[in-house]
>>> print(open('coords.txt').read())   # compact mmCIF, C-alpha atoms
# COMPACT_ATOMS: atom_id res chain seq x y z
CA MET A 28 205.97 56.53 77.17
CA ILE A 29 208.33 59.48 76.91
CA TRP A 30 210.71 57.20 75.02
CA THR A 31 208.05 56.30 72.47
CA VAL A 32 207.43 60.00 71.87
CA PHE A 33 211.17 60.51 71.55
CA ALA A 34 211.46 57.63 69.05
CA ILE A 35 208.58 58.96 66.96
CA THR A 36 210.12 62.43 66.91
CA VAL A 37 213.52 61.03 65.86
CA GLY A 38 211.80 59.07 63.08
CA VAL A 39 209.96 62.15 61.83
CA VAL A 40 213.15 64.24 61.90
CA LEU A 41 214.99 61.54 59.92
CA LEU A 42 212.12 61.49 57.43
CA ILE A 43 212.38 65.26 56.96
CA LEU A 44 216.19 65.15 56.64
CA PHE A 45 215.86 62.37 54.04
CA GLU A 46 213.20 64.04 51.94
CA TRP A 47 213.96 67.78 52.21
CA PRO A 48 217.17 67.99 50.07
CA LYS A 49 215.41 66.16 47.22
CA MET A 50 212.86 68.92 46.72
CA LYS A 51 213.80 71.76 44.40
CA GLN A 52 213.86 75.46 45.35
CA ASN A 53 210.72 76.36 43.38
CA GLN A 54 208.49 73.56 44.66
CA LYS A 55 206.73 75.70 47.27
CA LYS A 56 203.44 73.81 47.14
CA GLU A 57 205.12 70.41 47.48
CA LYS A 58 207.06 71.62 50.50
CA ALA A 59 203.88 72.91 52.14
CA ALA A 60 202.06 69.62 51.46
CA PHE A 61 204.99 67.61 52.78
CA VAL A 62 205.28 69.65 55.98
CA THR A 63 201.51 69.56 56.62
CA LEU A 64 201.23 65.81 56.11
CA THR A 65 204.28 65.08 58.26
CA ALA A 66 203.00 67.37 61.02
CA MET A 67 199.60 65.64 60.87
CA GLY A 68 201.28 62.26 61.16
CA TRP A 69 203.47 63.36 64.06
CA LEU A 70 200.54 64.88 65.96
CA LEU A 71 198.37 61.82 65.41
CA ALA A 72 201.18 59.51 66.54
CA ILE A 73 201.68 61.47 69.77
CA LEU A 74 197.93 61.49 70.41
CA LEU A 75 197.75 57.73 69.84
CA VAL A 76 200.61 57.16 72.29
CA PHE A 77 198.71 58.96 75.08
CA PHE A 78 195.14 57.96 74.15
CA PRO A 79 195.29 54.58 72.41
CA ASP A 80 191.50 54.08 72.74
CA MET A 81 190.59 57.31 70.96
CA PRO A 82 187.56 56.73 68.69
CA GLY A 83 188.91 56.52 65.16
CA PRO A 84 187.71 56.52 61.57
CA THR A 85 186.36 52.98 61.90
CA GLN A 86 184.02 54.02 64.73
CA MET A 87 182.83 56.99 62.69
CA ILE A 88 182.04 54.82 59.66
CA GLU A 89 180.40 52.23 61.91
CA LYS A 90 178.05 54.87 63.31
CA LEU A 91 177.18 56.09 59.81
CA PHE A 92 176.42 52.65 58.40
CA LYS A 93 174.97 50.95 61.48
CA PRO A 94 171.32 50.87 60.24
CA LEU A 95 172.44 49.08 57.08
CA GLY A 96 174.84 46.82 58.93
CA LYS A 97 172.03 45.53 61.14
CA LEU A 98 170.29 44.12 58.07
CA ILE A 99 172.83 41.36 57.60
CA GLU A 100 174.13 40.87 61.14
CA MET B 18 200.61 65.21 34.12
CA ILE B 19 202.05 64.06 37.43
CA GLU B 20 202.76 60.45 36.50
CA LYS B 21 204.93 60.07 33.42
CA GLY B 22 204.97 56.27 33.28
CA LYS B 23 202.77 54.22 31.01
CA ILE B 24 201.45 50.71 31.52
CA SER B 25 199.67 48.25 29.25
CA ALA B 26 196.08 47.13 29.76
CA PHE B 27 197.35 43.64 30.56
CA GLN B 28 199.49 44.97 33.42
CA MET B 29 196.50 46.91 34.71
CA ALA B 30 194.43 43.72 34.77
CA LEU B 31 197.23 41.96 36.67
CA MET B 32 197.28 44.77 39.22
CA ILE B 33 193.51 44.66 39.74
CA ILE B 34 193.21 40.88 40.26
CA PRO B 35 195.13 40.72 43.58
CA THR B 36 193.58 44.06 44.59
CA VAL B 37 190.31 42.19 44.97
CA THR B 38 191.34 38.64 45.76
CA ALA B 39 194.30 39.07 48.13
CA THR B 40 192.21 39.82 51.21
CA ALA B 41 188.98 38.31 49.90
CA VAL B 42 190.39 34.76 49.89
CA LEU B 43 191.11 35.03 53.61
CA VAL B 44 187.62 35.73 54.86
CA VAL B 45 185.13 35.23 52.04
CA PRO B 46 184.70 31.43 52.38
CA SER B 47 183.83 31.47 56.07
CA VAL B 48 181.73 34.64 55.91
CA THR B 49 179.64 33.61 52.90
CA ALA B 50 179.12 30.13 54.34
CA ARG B 51 177.53 31.76 57.38
CA VAL B 52 174.74 33.19 55.22
CA ALA B 53 174.61 31.01 52.13
CA GLY B 54 175.43 27.65 53.69
CA ARG B 55 175.93 24.99 51.06
CA ASP B 56 175.36 27.37 48.17
CA MET B 57 178.30 29.60 49.06
CA TRP B 58 180.15 28.83 45.86
CA ILE B 59 177.40 30.55 43.81
CA SER B 60 177.63 33.78 45.80
CA PRO B 61 180.77 35.25 44.12
CA ILE B 62 179.02 34.94 40.74
CA PHE B 63 176.13 37.12 41.94
CA GLY B 64 178.58 39.43 43.72
CA SER B 65 180.48 39.99 40.48
CA LEU B 66 177.49 41.86 39.02
CA VAL B 67 178.55 44.83 41.16
CA GLY B 68 182.08 44.43 39.80
CA PHE B 69 180.87 44.55 36.19
CA PHE B 70 178.59 47.48 37.01
CA SER B 71 181.35 49.59 38.58
CA LEU B 72 183.68 48.67 35.73
CA PHE B 73 181.09 49.88 33.22
CA ILE B 74 180.54 53.16 35.09
CA VAL B 75 184.21 53.92 35.47
CA TYR B 76 184.87 53.09 31.81
CA GLN B 77 182.05 55.38 30.65
CA LEU B 78 183.44 58.18 32.81
CA HIS B 79 186.86 57.53 31.31
CA LYS B 80 185.36 57.94 27.82
CA HIS B 81 183.98 61.36 28.83
CA PHE B 82 187.30 62.48 30.37
CA PRO B 83 190.06 60.38 28.80
CA GLU B 84 193.04 62.20 30.34
CA LYS B 85 191.77 62.54 33.90
CA SER B 86 191.28 60.50 37.06
CA ILE B 87 188.22 60.51 39.31
CA ILE B 88 189.77 63.12 41.62
CA GLN B 89 190.22 65.52 38.68
CA TYR B 90 186.99 65.03 36.74
CA SER B 91 184.73 65.21 39.78
CA GLY B 92 185.60 68.93 39.83
CA ASP B 93 184.74 69.28 36.13
CA ILE B 94 181.37 67.60 36.56
CA ILE B 95 179.85 69.17 39.65
CA GLY B 96 181.90 72.31 40.14
CA ARG B 97 185.16 73.07 41.89
CA ILE B 98 184.20 73.05 45.60
CA PRO B 99 181.80 70.03 45.57
CA GLY B 100 184.37 68.21 43.43
CA LYS B 101 187.03 68.85 46.06
CA ILE B 102 184.68 67.53 48.76
CA ILE B 103 184.03 64.34 46.78
CA GLY B 104 187.78 64.01 46.26
CA LEU B 105 188.37 64.40 50.00
CA ILE B 106 185.79 61.68 50.80
CA TYR B 107 187.43 59.43 48.24
CA LEU B 108 190.91 60.07 49.70
CA PHE B 109 189.68 59.50 53.25
CA PHE B 110 188.22 56.19 52.11
CA LEU B 111 191.50 55.23 50.45
CA LEU B 112 193.53 56.12 53.55
CA HIS B 113 191.15 54.24 55.84
CA SER B 114 190.98 51.16 53.64
CA SER B 115 194.77 51.08 53.10
CA GLY B 116 195.07 51.07 56.88
CA ILE B 117 192.50 48.29 57.23
CA ILE B 118 194.13 46.16 54.51
CA THR B 119 197.53 46.53 56.15
CA ARG B 120 195.91 45.59 59.45
CA GLU B 121 194.34 42.46 57.90
CA TYR B 122 197.73 41.53 56.49
CA ALA B 123 199.50 42.06 59.82
CA ASP B 124 196.81 40.20 61.80
CA PHE B 125 197.01 37.25 59.44
CA ILE B 126 200.81 37.04 59.48
CA ILE B 127 200.88 37.30 63.28
CA ALA B 128 198.11 34.72 63.78
CA ALA B 129 199.57 32.26 61.30
CA PHE B 130 203.33 32.54 61.57
CA LEU B 131 204.90 35.21 63.75
CA PRO B 132 202.96 35.16 67.04
CA ARG B 133 205.66 36.96 69.04
CA THR B 134 206.54 39.72 66.58
CA PRO B 135 205.10 43.13 67.46
CA MET B 136 202.55 44.33 64.94
CA ILE B 137 204.44 47.52 64.17
CA VAL B 138 207.37 45.52 62.74
CA VAL B 139 205.21 43.37 60.44
CA MET B 140 203.21 46.35 59.28
CA GLY B 141 206.10 48.82 59.10
CA GLY B 142 208.16 46.41 57.00
CA MET B 143 205.36 46.00 54.50
CA ILE B 144 204.64 49.73 54.29
CA LEU B 145 208.34 50.47 53.77
CA VAL B 146 208.60 48.01 50.85
CA CYS B 147 205.41 49.41 49.34
CA ALA B 148 206.70 52.98 49.83
CA PHE B 149 209.78 52.23 47.73
CA THR B 150 207.59 50.66 45.04
CA VAL B 151 205.29 53.68 44.97
CA LEU B 152 208.32 55.99 44.89
CA SER B 153 209.57 54.24 41.75
CA GLY B 154 206.30 54.93 39.97
CA LEU B 155 203.55 53.21 38.08
CA GLU B 156 205.76 51.34 35.62
CA VAL B 157 207.62 49.56 38.41
CA LEU B 158 204.33 48.65 40.06
CA GLY B 159 203.08 47.22 36.78
CA ARG B 160 206.25 45.19 36.30
CA ALA B 161 206.10 43.90 39.88
CA ALA B 162 202.53 42.79 39.23
CA GLN B 163 203.65 41.07 36.04
CA VAL B 164 206.25 39.10 37.99
CA PHE B 165 204.27 38.23 41.12
CA VAL B 166 200.64 37.89 40.10
CA PRO B 167 200.97 34.86 37.77
CA ILE B 168 202.54 32.98 40.70
CA PHE B 169 199.79 34.25 42.98
CA MET B 170 197.12 33.12 40.53
CA ALA B 171 198.62 29.64 40.34
CA THR B 172 197.97 28.77 44.00
CA PRO B 173 194.57 27.12 43.33
CA LEU B 174 196.51 24.54 41.31
CA LEU B 175 197.93 23.26 44.60
CA PHE B 176 194.41 22.15 45.50
CA ILE B 177 194.95 19.19 43.16
CA LEU B 178 196.94 17.66 46.00
CA LEU B 179 193.82 17.90 48.18
CA ILE B 180 191.63 15.76 45.91
CA PRO B 181 191.82 12.64 48.13
CA ASP B 182 190.36 14.64 51.06
CA LEU B 183 187.48 16.20 49.17
CA LYS B 184 183.97 14.83 49.77
CA LEU B 185 181.72 15.51 46.80
CA GLU B 186 178.53 14.80 48.75
CA ASN B 187 179.07 18.05 50.72
CA ILE B 188 177.91 20.11 47.75
CA VAL B 189 174.49 18.48 47.22
CA PRO B 190 171.64 19.37 47.35
CA ILE B 191 172.39 22.49 45.30
CA MET B 192 169.95 25.37 45.96
CA GLU B 193 167.95 23.43 48.52
CA HIS B 194 166.21 26.60 49.74
CA GLY B 195 166.03 28.31 46.36
CA MET B 196 168.19 31.17 45.11
CA MET B 197 167.77 33.44 48.13
CA PRO B 198 170.59 32.17 50.41
CA SER B 199 173.21 32.44 47.68
CA ILE B 200 172.03 35.93 46.74
CA LEU B 201 172.15 37.05 50.38
CA GLY B 202 175.60 35.48 50.65
CA ALA B 203 176.70 37.67 47.75
CA VAL B 204 176.24 40.79 49.87
CA ILE B 205 179.72 40.40 51.34
CA PRO B 206 181.81 39.49 48.25
CA GLN B 207 180.21 42.30 46.24
CA GLY B 208 181.96 44.81 48.52
CA TRP B 209 185.29 43.46 47.39
CA PHE B 210 184.19 43.36 43.76
CA SER B 211 183.39 47.07 43.77
CA GLU B 212 187.10 47.74 44.43
CA VAL B 213 187.51 47.09 40.70
CA SER B 214 186.58 50.75 40.20
CA LEU B 215 190.13 51.66 41.32
CA ILE B 216 191.07 51.26 37.65
CA SER B 217 189.71 54.79 37.18
CA MET B 218 193.11 55.97 38.42
CA PHE B 219 195.02 53.74 35.98
CA LEU B 220 192.97 54.16 32.79
CA PRO B 221 194.58 57.55 31.89
CA PHE B 222 198.04 55.94 31.88
CA LEU B 223 197.31 53.09 29.51
CA THR B 224 199.25 52.79 26.26
CA ASP B 225 196.35 50.88 24.69
CA CYS B 226 193.25 52.63 26.01
CA GLU B 227 190.79 50.84 23.75
CA LYS B 228 191.75 47.51 25.34
CA GLY B 229 191.19 48.82 28.89
CA GLY B 230 187.55 47.74 29.05
CA LYS B 231 188.26 44.29 27.63
CA TRP B 232 191.03 43.58 30.13
CA GLY B 233 188.88 44.94 32.95
CA ILE B 234 186.18 42.39 32.10
CA ILE B 235 188.78 39.62 31.86
CA SER B 236 190.17 40.52 35.28
CA VAL B 237 186.68 40.40 36.86
CA ILE B 238 186.10 36.97 35.29
CA VAL B 239 189.45 35.72 36.63
CA ILE B 240 188.49 37.02 40.09
CA ILE B 241 185.16 35.16 39.93
CA LEU B 242 186.91 31.92 38.96
CA HIS B 243 189.46 32.34 41.74
CA LEU B 244 186.83 32.93 44.43
CA VAL B 245 184.50 30.18 43.14
CA ILE B 246 187.30 27.60 43.09
CA ILE B 247 188.39 28.54 46.60
CA ASN B 248 184.79 28.41 47.90
CA ILE B 249 184.14 25.03 46.26
CA VAL B 250 187.32 23.53 47.69
CA CYS B 251 186.56 24.85 51.19
CA LEU B 252 183.02 23.51 50.93
CA LEU B 253 184.07 20.08 49.72
CA LEU B 254 186.75 19.86 52.38
CA TYR B 255 184.90 21.09 55.48
CA GLY B 256 181.22 20.98 54.61
CA GLU B 257 179.25 23.62 56.47
CA SER B 258 181.66 23.68 59.41
CA VAL B 259 183.80 26.05 57.34
CA THR B 260 182.31 28.93 59.38
CA SER B 261 184.29 27.88 62.45
CA TYR B 262 187.67 28.62 60.86
CA ALA B 263 189.17 32.09 60.93
CA PHE B 264 191.34 31.42 57.85
CA PRO B 265 189.83 28.37 56.09
CA VAL B 266 192.09 28.52 53.03
CA LEU B 267 195.24 28.42 55.14
CA ASN B 268 193.86 25.46 57.08
CA ALA B 269 192.98 23.72 53.81
CA PHE B 270 196.63 23.80 52.79
CA ARG B 271 197.59 22.34 56.15
CA TYR B 272 195.60 19.24 55.16
CA ILE B 273 197.88 18.53 52.20
CA SER B 274 200.03 15.49 52.85
CA VAL B 275 201.47 13.47 50.00
CA ALA B 276 203.15 10.20 50.98
CA THR B 277 203.51 11.68 54.52
CA PHE B 278 206.69 13.58 53.67
CA PHE B 279 205.38 16.33 51.36
CA GLU B 280 203.72 18.43 54.06
CA HIS B 281 203.44 21.94 55.57
CA LEU B 282 202.69 23.52 52.25
CA GLU B 283 201.08 26.46 54.04
CA ALA B 284 204.51 28.08 54.39
CA VAL B 285 204.84 28.20 50.61
CA VAL B 286 201.27 29.40 50.25
CA VAL B 287 201.79 32.25 52.71
CA ILE B 288 204.93 33.34 50.84
CA ILE B 289 202.86 33.48 47.66
CA TRP B 290 199.99 35.21 49.42
CA VAL B 291 202.33 37.90 50.75
CA MET B 292 203.17 38.72 47.11
CA GLY B 293 199.48 39.27 46.43
CA ALA B 294 199.05 41.36 49.57
CA PHE B 295 202.10 43.40 48.55
CA ILE B 296 200.51 44.23 45.20
CA LYS B 297 197.20 45.04 46.87
CA ILE B 298 198.69 47.39 49.48
CA SER B 299 200.92 49.00 46.83
CA VAL B 300 197.96 49.63 44.52
CA PHE B 301 195.92 51.26 47.30
CA TYR B 302 198.93 53.23 48.53
CA TYR B 303 199.81 54.37 45.01
CA VAL B 304 196.25 55.47 44.27
CA LEU B 305 196.14 57.31 47.60
CA VAL B 306 199.43 59.14 46.96
CA LEU B 307 198.60 60.00 43.34
CA GLY B 308 195.08 61.06 44.32
CA THR B 309 196.39 63.33 47.08
CA ALA B 310 198.88 64.92 44.66
CA GLN B 311 196.11 65.51 42.12
CA TRP B 312 193.76 66.85 44.77
CA LEU B 313 196.38 69.39 45.90
CA ASN B 314 197.49 70.12 42.29
CA LEU B 315 201.10 69.20 43.07
CA SER B 316 203.65 68.89 40.27
CA ASP B 317 205.22 65.74 41.72
CA TYR B 318 203.91 63.05 44.05
CA ARG B 319 207.27 61.76 45.32
CA PRO B 320 207.72 64.13 48.28
CA ILE B 321 204.47 62.99 49.93
CA VAL B 322 205.05 59.22 49.63
CA PHE B 323 206.73 58.79 53.01
CA PRO B 324 204.49 61.13 55.05
CA ILE B 325 201.44 59.30 53.67
CA GLY B 326 203.05 55.95 54.47
CA PHE B 327 203.47 57.17 58.04
CA LEU B 328 199.77 58.12 58.14
CA VAL B 329 198.77 54.70 56.74
CA CYS B 330 200.78 53.03 59.53
CA LEU B 331 198.96 55.12 62.15
CA VAL B 332 195.51 54.44 60.68
CA CYS B 333 196.44 50.76 60.61
CA ILE B 334 197.01 50.80 64.39
CA TRP B 335 194.06 53.08 64.98
CA ALA B 336 191.59 51.19 62.77
CA ALA B 337 190.56 48.52 65.26
CA ALA B 338 191.31 47.54 68.83
CA ASN B 339 191.54 43.84 68.03
CA GLY B 340 190.90 41.20 65.41
CA GLN B 341 187.29 40.52 66.46
CA GLU B 342 186.31 44.15 66.07
CA LEU B 343 187.94 44.27 62.64
CA GLY B 344 186.20 41.05 61.63
CA ARG B 345 182.82 42.46 62.63
CA PHE B 346 183.53 45.63 60.68
CA LEU B 347 184.47 43.63 57.58
CA ARG B 348 181.39 41.42 57.90
CA SER B 349 178.66 43.95 58.59
CA ILE B 350 179.84 47.47 57.66
CA SER B 351 182.27 47.17 54.76
CA PRO B 352 179.78 45.48 52.34
CA PHE B 353 177.93 48.82 52.36
CA TYR B 354 180.88 51.13 52.98
CA ILE B 355 183.09 50.08 50.04
CA PRO B 356 180.39 50.13 47.30
CA SER B 357 178.96 53.43 48.52
CA ILE B 358 182.31 55.10 47.78
CA MET B 359 183.60 52.95 44.94
CA THR B 360 180.39 52.40 42.95
CA PHE B 361 177.76 54.85 44.15
CA ILE B 362 179.82 58.07 43.90
CA PRO B 363 181.11 57.29 40.36
CA MET B 364 177.51 56.41 39.41
CA LEU B 365 176.25 59.82 40.57
CA LEU B 366 179.13 61.51 38.76
CA LEU B 367 178.26 59.67 35.53
CA LEU B 368 174.59 60.65 35.85
CA PHE B 369 175.54 64.31 36.35
CA ALA B 370 177.95 64.16 33.41
CA ILE B 371 175.29 62.71 31.10
CA ILE B 372 172.65 65.23 32.20
CA LYS B 373 175.10 68.11 31.76
CA LYS B 374 175.97 66.95 28.25
CA LYS B 375 172.29 66.64 27.30
CA MET B 376 171.56 70.15 28.61
CA ARG B 377 174.47 71.61 26.67
CA ASN B 378 173.35 69.87 23.47
CA LYS B 379 169.84 71.24 23.92
CA ARG B 380 171.07 74.77 24.45
CA GLN B 381 173.37 74.76 21.42
CA PRO B 382 171.78 72.57 18.75
CA VAL B 383 174.35 70.88 16.55
CA PRO B 384 174.60 72.86 13.27
CA THR B 385 173.40 70.71 10.41
CA ASN B 386 174.42 71.28 6.83
CA PRO B 387 171.47 72.24 4.66
>>> encode(input="coords.txt", output="structure tokens")
Amino acid sequence: MIWTVFAITVGVVLLILFEWPKMKQNQKKEKAAFVTLTAMGWLLAILLVFFPDMPGPTQMIEKLFKPLGKLIE
Amino acid sequence: MIEKGKISAFQMALMIIPTVTATAVLVVPSVTARVAGRDMWISPIFGSLVGFFSLFIVYQLHKHFPEKSIIQYSGDIIGRIPGKIIGLIYLFFLLHSSGIITREYADFIIAAFLPRTPMIVVMGGMILVCAFTVLSGLEVLGRAAQVFVPIFMATPLLFILLIPDLKLENIVPIMEHGMMPSILGAVIPQGWFSEVSLISMFLPFLTDCEKGGKWGIISVIVIILHLVIINIVCLLLYGESVTSYAFPVLNAFRYISVATFFEHLEAVVVIIWVMGAFIKISVFYYVLVLGTAQWLNLSDYRPIVFPIGFLVCLVCIWAAANGQELGRFLRSISPFYIPSIMTFIPMLLLLFAIIKKKMRNKRQPVPTNP
């Protein structure tokens, strides 16, 4: 498990090293968006490693649309 | 504008066709047969009404705001903050459905051909290829569609080799229980048809805008033909037992045997299908990346391509615990989920836009020359 976390972190660091030099000095907003999205991805990946059965977006949508879904089940 | 590339209306149509059919051909025959029985080949025709409807709505919205995509004009129509919320719902839907599509692709490849490969390799490989396509921009995506989609569209021609196995008596009696079963069977294909409204992101980049609507209609008609042919062949081949197959079209190709040496055509068919799935995932991924960049008012979408690809991979793993759960979701939830985002939200936006225009005209009457 610790190795999976390690591998994910290495992947994320490689992603940052690959993408960071391409962005220009004045692209502040792009840098912020990039960092936020990458951090979200990294956090979610770590969470999924430890809690693989976490209820996800599919469960949320299923709860929302269940009354309609029953009509054609 | 963020995207500097331009595509033709014809390329747009070629991108939209696999966006609907690539995953629909996998499950639609067996799922519609469950409800419609022998009349399943009529269902895609009824389902296409939703496709035409969403096409009409999106095209009307495009006429009101010719230079903008749905993420941008939702803010103009209902105000900045509600527009951002609608944009966020739309982006969440795109992220979730890109994940689900990638999952369907990976599940199919693993079930059919690579049973021992871990899912993350199948899925990661596809996302990586799509990421490089998205990174190269809209023009490259359009060209890729121009190369791959004609081959993808030609697969039904291979059904000619199946003619000796087809039993025509499976199709009669047509409409034994009236129109109702085929209309109920259309509930599931119409979800896929409403994905046509993704063209709202491509219409601003057309070189020949006035042809956009025409090619949209042509692409919906091609999709209907594709699905109807596939449903008819599955029906003639299996009869009503088509419901018991997870991937009936793949199994249909396994039947092909010409002079006992021309066999195992399913390998070729899967190669061709992967091209279609590649275009489908790329289109969703591209729309997601461009939409996110527009939502955040970025000047360039390239920096966020890889982080979003990473998120799509995670949602793909997260989306469902196993194939059965995903199948149930696609059968019972997604026929309501997809149209509610792809058709219903644009419809509300169009209504608001029309009402707003009427109010403005009433307040400032058009000056008429005496």
>>> closest_residue(input="coords.txt", among="B:Ala203, B:Leu215, B:Val286, B:Val237", to="chain A", atoms="all atoms listed in the file")
B:Ala203
>>> closest_atom_pairs(input="coords.txt", of="chain B", to="chain A", cutoff="8 Å", atoms="only C-alpha atoms", output="tab-separated table")
residue	atom	partner	partner_atom	distance
B:His113	CA	A:Pro84	CA	7.1
B:Leu313	CA	A:Ala60	CA	8.0
B:Leu315	CA	A:Glu57	CA	6.1
B:Ser316	CA	A:Glu57	CA	7.5
B:Asp317	CA	A:Glu57	CA	7.4
B:Pro320	CA	A:Phe61	CA	6.3
B:Ile321	CA	A:Phe61	CA	5.5
B:Phe323	CA	A:Leu42	CA	7.5
B:Pro324	CA	A:Thr65	CA	5.1
B:Ile325	CA	A:Leu64	CA	7.0
B:Phe327	CA	A:Gly68	CA	6.4
B:Leu328	CA	A:Gly68	CA	5.3
B:Leu331	CA	A:Ala72	CA	6.6
B:Trp335	CA	A:Gly83	CA	6.2
B:Ala336	CA	A:Thr85	CA	5.6
B:Ala337	CA	A:Thr85	CA	7.0
B:Ala338	CA	A:Asp80	CA	7.6
B:Phe346	CA	A:Glu89	CA	7.4
B:Arg348	CA	A:Glu100	CA	8.0
B:Ser349	CA	A:Gly96	CA	4.8
B:Ile350	CA	A:Gly96	CA	5.2
B:Phe353	CA	A:Leu95	CA	7.2
B:Tyr354	CA	A:Phe92	CA	7.2
>>> closest_residue(input="coords.txt", among="B:Arg380, B:Pro363, B:Ile273, B:Ile127", to="Ile180 (chain B)", atoms="all atoms listed in the file")
B:Ile273
>>> residues_around(input="coords.txt", residues="Asp124 (chain B)", least_positions_apart="3", cutoff="9 Å", atoms="all atoms listed in the file", output="short mmCIF file (atom, residue, chain, number, x, y, z; two decimals) with C-alpha atoms, keeping the file's coordinate frame")
data_model
loop_
_atom_site.label_atom_id
_atom_site.label_comp_id
_atom_site.auth_asym_id
_atom_site.auth_seq_id
_atom_site.Cartn_x
_atom_site.Cartn_y
_atom_site.Cartn_z
CA THR B 119 197.53 46.53 56.15
CA ARG B 120 195.91 45.59 59.45
CA GLU B 121 194.34 42.46 57.90
CA ILE B 127 200.88 37.30 63.28
CA ALA B 128 198.11 34.72 63.78
CA ALA B 129 199.57 32.26 61.30
CA MET B 136 202.55 44.33 64.94
CA ASN B 339 191.54 43.84 68.03
CA GLY B 340 190.90 41.20 65.41
#
>>> atom_distance(input="coords.txt", atom1="CA of Trp290 (chain B)", atom2="CA of Val266 (chain B)")
11.0 Å
>>> residues_around(input="coords.txt", residues="Ile29 (chain A)", least_positions_apart="6", cutoff="12 Å", atoms="all atoms listed in the file", output="CSV table (one decimal) with C-alpha atoms, in the coordinates of the input")
chain,number,residue,atom,x,y,z
A,35,ILE,CA,208.6,59.0,67.0
A,36,THR,CA,210.1,62.4,66.9
A,73,ILE,CA,201.7,61.5,69.8
A,76,VAL,CA,200.6,57.2,72.3
A,77,PHE,CA,198.7,59.0,75.1
>>> atom_distance(input="coords.txt", atom1="CA of Cys330 (chain B)", atom2="CA of Ser217 (chain B)")
25.0 Å
>>> atom_distance(input="coords.txt", atom1="CA of Gly92 (chain B)", atom2="CA of Leu66 (chain B)")
28.3 Å
>>> residues_around(input="coords.txt", residues="Pro173 (chain B)", least_positions_apart="2", cutoff="10 Å", atoms="only C-alpha atoms", output="ChimeraX atom specification")
/B:169-171,175-177,243-244,246-247,250,286
>>> closest_residue(input="coords.txt", among="B:Ile371, B:Ile298, B:Ala123, B:Ile362", to="Gln77 (chain B)", atoms="all atoms listed in the file")
B:Ile371
>>> closest_residue(input="coords.txt", among="B:Gly326, B:Pro198, B:Gly229, B:Gly208", to="Gly54 (chain B)", atoms="all atoms listed in the file")
B:Pro198
>>> residues_around(input="coords.txt", residues="Met29 (chain B)", least_positions_apart="4", cutoff="8 Å", atoms="only C-alpha atoms", output="list in words")
Ile24, Ser25, Ile33, Gly159, Ile216, Phe219 and Trp232 of chain B
>>> write_last_selection(input="coords.txt", atoms="C-alpha atoms", output="compact mmCIF listing (two decimals), in the coordinates of the input")
# COMPACT_ATOMS: atom_id res chain seq x y z
CA ILE B 24 201.45 50.71 31.52
CA SER B 25 199.67 48.25 29.25
CA ILE B 33 193.51 44.66 39.74
CA GLY B 159 203.08 47.22 36.78
CA ILE B 216 191.07 51.26 37.65
CA PHE B 219 195.02 53.74 35.98
CA TRP B 232 191.03 43.58 30.13
>>> residues_around(input="coords.txt", residues="region 94-105 of chain B", least_positions_apart="6", cutoff="9 Å", atoms="all atoms listed in the file", output="ChimeraX atom specification")
/B:87-88,308-309,312,362,366-367,369-370,373
>>> decode(input="coords.txt", residues="region 66-91 of chain A", atoms="C-alpha atoms", output="PDB file, in the first residue's frame")
ATOM      1  CA  ALA A  66      -3.531  18.410  -5.984  1.00  0.00           C
ATOM      2  CA  MET A  67      -7.165  17.285  -6.272  1.00  0.00           C
ATOM      3  CA  GLY A  68      -6.090  14.300  -8.349  1.00  0.00           C
ATOM      4  CA  TRP A  69      -3.301  13.363  -5.945  1.00  0.00           C
ATOM      5  CA  LEU A  70      -5.573  13.618  -2.898  1.00  0.00           C
ATOM      6  CA  LEU A  71      -8.315  11.587  -4.544  1.00  0.00           C
ATOM      7  CA  ALA A  72      -5.824   8.918  -5.620  1.00  0.00           C
ATOM      8  CA  ILE A  73      -4.469   8.572  -2.071  1.00  0.00           C
ATOM      9  CA  LEU A  74      -8.004   8.402  -0.670  1.00  0.00           C
ATOM     10  CA  LEU A  75      -8.939   5.711  -3.204  1.00  0.00           C
ATOM     11  CA  VAL A  76      -5.879   3.660  -2.252  1.00  0.00           C
ATOM     12  CA  PHE A  77      -6.947   3.566   1.411  1.00  0.00           C
ATOM     13  CA  PHE A  78     -10.748   3.498   0.956  1.00  0.00           C
ATOM     14  CA  PRO A  79     -11.484   1.791  -2.362  1.00  0.00           C
ATOM     15  CA  ASP A  80     -15.200   1.382  -1.491  1.00  0.00           C
ATOM     16  CA  MET A  81     -15.783   5.084  -0.865  1.00  0.00           C
ATOM     17  CA  PRO A  82     -19.193   6.113  -2.282  1.00  0.00           C
ATOM     18  CA  GLY A  83     -18.490   7.954  -5.510  1.00  0.00           C
ATOM     19  CA  PRO A  84     -20.229  10.132  -8.077  1.00  0.00           C
ATOM     20  CA  THR A  85     -22.122   7.150  -9.490  1.00  0.00           C
ATOM     21  CA  GLN A  86     -23.751   6.451  -6.115  1.00  0.00           C
ATOM     22  CA  MET A  87     -24.705  10.100  -5.772  1.00  0.00           C
ATOM     23  CA  ILE A  88     -26.348  10.182  -9.209  1.00  0.00           C
ATOM     24  CA  GLU A  89     -28.043   6.858  -8.503  1.00  0.00           C
ATOM     25  CA  LYS A  90     -29.619   8.278  -5.351  1.00  0.00           C
ATOM     26  CA  LEU A  91     -30.807  11.365  -7.232  1.00  0.00           C
TER      27      LEU A  91
END
